[in-house]
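Peer 1: Please see the structure below; I have some questions.
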Amino acid sequence: MNRLHLHMLSDSTGETLENIAKAALAQFDGVEIIKHFWPMVRSEVHLNRILREVAENPGLVIFTLVNRDIRARLERECRHLGLPVVPALDAVTDALSNMLGQEAKARPGRQHILDAAYFERVEAIQFTIAHDDGIGWENWEEADIILAGVSRTSKTPTSIYLANRGYKTANIPIVPESPPPDTLYHLKNPMVVGLITGASRLVQVRRNRLLSLNQAPETDYVDEEKVKEETQYARRMFADNGWPMIDVTRRSIEESAAAIINFYNERHADSQTGAGGDETDANS
């Protein structure tokens, strides 16, 4: 197995840099990555400590630093050590600069300024946590999105992901023996999205869940015929109400959320132009 030291330097929280590195590393198999994460690098003194660590554990160095003196020193020292050093955002920033005819402003952590969008995101997270698993249905009209689905269709993690993107998201389990509140069928503001998955896959997920909780793995909860009836009931409900459906069987949380956001944006675009029509199924 290949082994690589990866040094990540940022003048802010480093969230952007971590996401870039994560996306790039996902393209490679059989590699042991040893990450060295250095956020809030804003002084020569701090950089000196990091450079000693880099010299002791040579590898790839990537950075998002806007201070010209600090980044020049980092690049110079890496060349001296014979190490590759990559400014992760330069290509995009340069392209934007050329297209906009403006020079980028060297402001560390500018993307993390506490603006209105930040506080909206915090509010969305608080709302979503308070409206998990059918709780607080009286306030559903305040939601942007409501996710509905049978048990173990990733409703909660998808809701939290959407909340981190700024969408107030509630979710409700669909249980044939316990129909949802009538409110669900008369909402005006939120977009209701049905999460669906294959019965066989759902049985496997549920059985693993029961085993992890040391519970009996053979109940109606994991009976394939019962699960088929359950998923068919949910599909009929979604179809009868014209709610868009997302098949989460082969989707990651991020992929499901992206499809939901597309539905949401299309819905708002239609409402602004006065267009109507049924929602699209995103099973493919």
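Ligands are numbered from 1 in the order shown, chains are lettered A, B, ... in the order of the structure tokens, and residues start at 1 in each chain.
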Sorted by chain and rising residue number, list the residues of range 165-202 of chain A at most 12 Å from range 267-270 of chain A (counting only C-alpha atoms), each with its closest atom pair and distance in Å to one decimal, as a tab-separated table.
Peer 2:
```
residue	atom	partner	partner_atom	distance
A:Asn189	CA	A:His268	CA	10.5
A:Pro190	CA	A:Arg267	CA	10.4
A:Met191	CA	A:Arg267	CA	8.2
A:Val192	CA	A:Arg267	CA	11.2
A:Val193	CA	A:Arg267	CA	11.9
```
Peer 1: Can you pull out every residue within 9 Å of Ser256 in chain A, counting only C-alpha atoms, but drop anything in the same chain fewer than 6 positions away, and send it as a list of chain:residue names?
Peer 2: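 Final neighbour list, sorted by chain and number: A:Thr158, A:Leu195, A:Ile246, A:Asp247, A:Val248.
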Peer 1: Skipping near chain neighbours, those fewer than 4 positions away, what residues fall within 9 Å of range 162-173 of chain A using only C-alpha atoms, listed as a tab-separated table (two decimals) with N, CA and C atoms, in the first residue's frame?
Peer 2:
```tsv
chain	number	residue	atom	x	y	z
A	117	ALA	N	-26.46	34.88	5.67
A	117	ALA	CA	-26.56	33.48	5.25
A	117	ALA	C	-26.10	32.55	6.37
A	118	TYR	N	-25.08	32.97	7.11
A	118	TYR	CA	-24.57	32.14	8.21
A	118	TYR	C	-25.67	31.94	9.26
A	120	GLU	N	-28.87	32.28	8.90
A	120	GLU	CA	-29.96	31.50	8.33
A	120	GLU	C	-29.65	30.01	8.39
A	121	ARG	N	-28.38	29.66	8.17
A	121	ARG	CA	-27.97	28.26	8.24
A	121	ARG	C	-28.10	27.72	9.66
A	122	VAL	N	-27.69	28.52	10.64
A	122	VAL	CA	-27.83	28.12	12.04
A	122	VAL	C	-29.30	27.91	12.40
A	123	GLU	N	-30.15	28.82	11.94
A	123	GLU	CA	-31.59	28.69	12.20
A	123	GLU	C	-32.15	27.43	11.55
A	124	ALA	N	-31.67	27.13	10.33
A	124	ALA	CA	-32.14	25.93	9.64
A	124	ALA	C	-31.75	24.67	10.40
A	125	ILE	N	-30.53	24.64	10.92
A	125	ILE	CA	-30.06	23.47	11.68
A	125	ILE	C	-30.90	23.28	12.94
A	126	GLN	N	-31.16	24.38	13.65
A	126	GLN	CA	-31.96	24.29	14.86
A	126	GLN	C	-33.37	23.80	14.56
A	127	PHE	N	-33.96	24.31	13.49
A	127	PHE	CA	-35.31	23.89	13.10
A	127	PHE	C	-35.32	22.40	12.76
A	128	THR	N	-34.32	21.97	12.01
A	128	THR	CA	-34.28	20.58	11.54
A	128	THR	C	-34.13	19.60	12.69
A	129	ILE	N	-33.27	19.92	13.62
A	129	ILE	CA	-33.08	19.05	14.79
A	129	ILE	C	-34.38	18.94	15.60
A	130	ALA	N	-35.11	20.06	15.70
A	130	ALA	CA	-36.35	20.08	16.48
A	130	ALA	C	-37.52	19.43	15.77
A	131	HIS	N	-37.36	19.11	14.47
A	131	HIS	CA	-38.46	18.54	13.70
A	131	HIS	C	-38.05	17.22	13.04
A	132	ASP	N	-37.30	16.43	13.78
A	132	ASP	CA	-36.86	15.12	13.29
A	132	ASP	C	-37.90	14.06	13.62
A	133	ASP	N	-38.07	13.10	12.71
A	133	ASP	CA	-38.88	11.91	12.96
A	133	ASP	C	-40.34	12.23	13.32
A	134	GLY	N	-40.91	13.22	12.63
A	134	GLY	CA	-42.32	13.54	12.83
A	134	GLY	C	-42.62	14.48	13.98
A	135	ILE	N	-41.60	14.90	14.72
A	135	ILE	CA	-41.81	15.79	15.87
A	135	ILE	C	-42.14	17.20	15.37
A	136	GLY	N	-43.00	17.89	16.08
A	136	GLY	CA	-43.30	19.29	15.79
A	136	GLY	C	-44.06	19.51	14.50
A	137	TRP	N	-44.95	18.57	14.14
A	137	TRP	CA	-45.66	18.68	12.87
A	137	TRP	C	-46.52	19.94	12.80
A	140	TRP	N	-44.83	22.56	10.59
A	140	TRP	CA	-44.30	22.15	9.29
A	140	TRP	C	-44.43	23.24	8.23
A	142	GLU	N	-43.60	26.12	8.35
A	142	GLU	CA	-42.40	26.97	8.38
A	142	GLU	C	-41.22	26.32	7.66
A	143	ALA	N	-41.33	25.04	7.34
A	143	ALA	CA	-40.22	24.31	6.71
A	143	ALA	C	-40.07	24.70	5.25
A	144	ASP	N	-38.86	24.50	4.72
A	144	ASP	CA	-38.63	24.62	3.28
A	144	ASP	C	-38.89	23.28	2.60
A	145	ILE	N	-38.46	22.21	3.27
A	145	ILE	CA	-38.54	20.86	2.71
A	145	ILE	C	-39.00	19.90	3.79
A	146	ILE	N	-39.84	18.96	3.42
A	146	ILE	CA	-40.22	17.87	4.32
A	146	ILE	C	-39.90	16.55	3.62
A	147	LEU	N	-39.13	15.71	4.28
A	147	LEU	CA	-38.78	14.41	3.74
A	147	LEU	C	-39.66	13.35	4.38
A	148	ALA	N	-40.25	12.51	3.54
A	148	ALA	CA	-41.10	11.42	4.02
A	148	ALA	C	-40.55	10.10	3.49
A	149	GLY	N	-40.62	9.06	4.30
A	149	GLY	CA	-40.12	7.77	3.85
A	149	GLY	C	-40.27	6.73	4.93
A	150	VAL	N	-40.24	5.47	4.55
A	150	VAL	CA	-40.31	4.40	5.54
A	150	VAL	C	-39.02	4.39	6.35
A	151	SER	N	-39.02	3.61	7.40
A	151	SER	CA	-37.85	3.55	8.29
A	151	SER	C	-36.58	3.11	7.55
A	152	ARG	N	-35.47	3.77	7.86
A	152	ARG	CA	-34.13	3.48	7.34
A	152	ARG	C	-33.97	3.88	5.87
A	155	LYS	N	-33.62	9.47	6.18
A	155	LYS	CA	-34.32	10.75	6.32
A	155	LYS	C	-33.55	11.73	7.20
A	156	THR	N	-33.10	11.25	8.36
A	156	THR	CA	-32.44	12.17	9.31
A	156	THR	C	-31.11	12.69	8.78
A	157	PRO	N	-30.18	11.83	8.33
A	157	PRO	CA	-28.90	12.39	7.84
A	157	PRO	C	-29.08	13.30	6.63
A	158	THR	N	-30.05	12.98	5.76
A	158	THR	CA	-30.30	13.85	4.61
A	158	THR	C	-30.85	15.19	5.07
A	180	PRO	N	-49.74	9.53	8.65
A	180	PRO	CA	-49.23	10.84	9.07
A	180	PRO	C	-50.35	11.81	9.37
A	190	PRO	N	-43.90	24.34	2.26
A	190	PRO	CA	-42.83	23.34	2.12
A	190	PRO	C	-43.01	22.47	0.88
A	254	GLU	N	-25.09	12.98	0.04
A	254	GLU	CA	-24.83	14.19	-0.74
A	254	GLU	C	-25.56	14.16	-2.07
A	257	ALA	N	-29.31	14.69	-1.47
A	257	ALA	CA	-29.56	16.10	-1.15
A	257	ALA	C	-29.46	16.97	-2.39
A	258	ALA	N	-28.50	16.69	-3.26
A	258	ALA	CA	-28.35	17.47	-4.49
A	258	ALA	C	-29.59	17.36	-5.37
A	260	ILE	N	-32.63	16.68	-4.32
A	260	ILE	CA	-33.71	17.38	-3.62
A	260	ILE	C	-33.60	18.89	-3.84
A	261	ILE	N	-32.38	19.40	-3.76
A	261	ILE	CA	-32.17	20.84	-3.97
A	261	ILE	C	-32.55	21.23	-5.40
```
Peer 1: For Glu224 in chain A, which of A:Arg206, A:Arg250, A:Arg73, A:His7 is the closest residue, counting only C-alpha atoms?
Peer 2: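 With only C-alpha atoms as the atom set, the closest residue is A:Arg206.
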Peer 1: Rank A:Gln27, A:Ser10, A:Thr153, A:Asn19 by their smallest atom-to-atom distance to Leu74 in chain A, using only C-alpha atoms, and report the top residue only.
Peer 2: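 When distances to Leu74 in chain A are compared using only C-alpha atoms, the smallest one comes from A:Ser10.
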Peer 1: Give the answer as one residue: which of A:Tyr161, A:Tyr185, A:Phe63, A:Tyr221 has the shortest atom-to-atom distance to Cys78 in chain A, using only C-alpha atoms?
Peer 2: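 Closest to Cys78 in chain A of all the choices is A:Phe63.
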Peer 1: Contacts of Gly59 in chain A at 8 Å or less, counting only C-alpha atoms, minus same-chain residues fewer than 2 places along, as a PyMOL selection string?
Peer 2: chain A and resi 4-7+54+57+61+83-84
Peer 1: In Å, with one decimal, what is the gap from CA of Asn2 in chain A to CA of Leu81 in chain A?
Peer 2: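 One can read the CA of Asn2 in chain A to CA of Leu81 in chain A distance as 20.6 Å.
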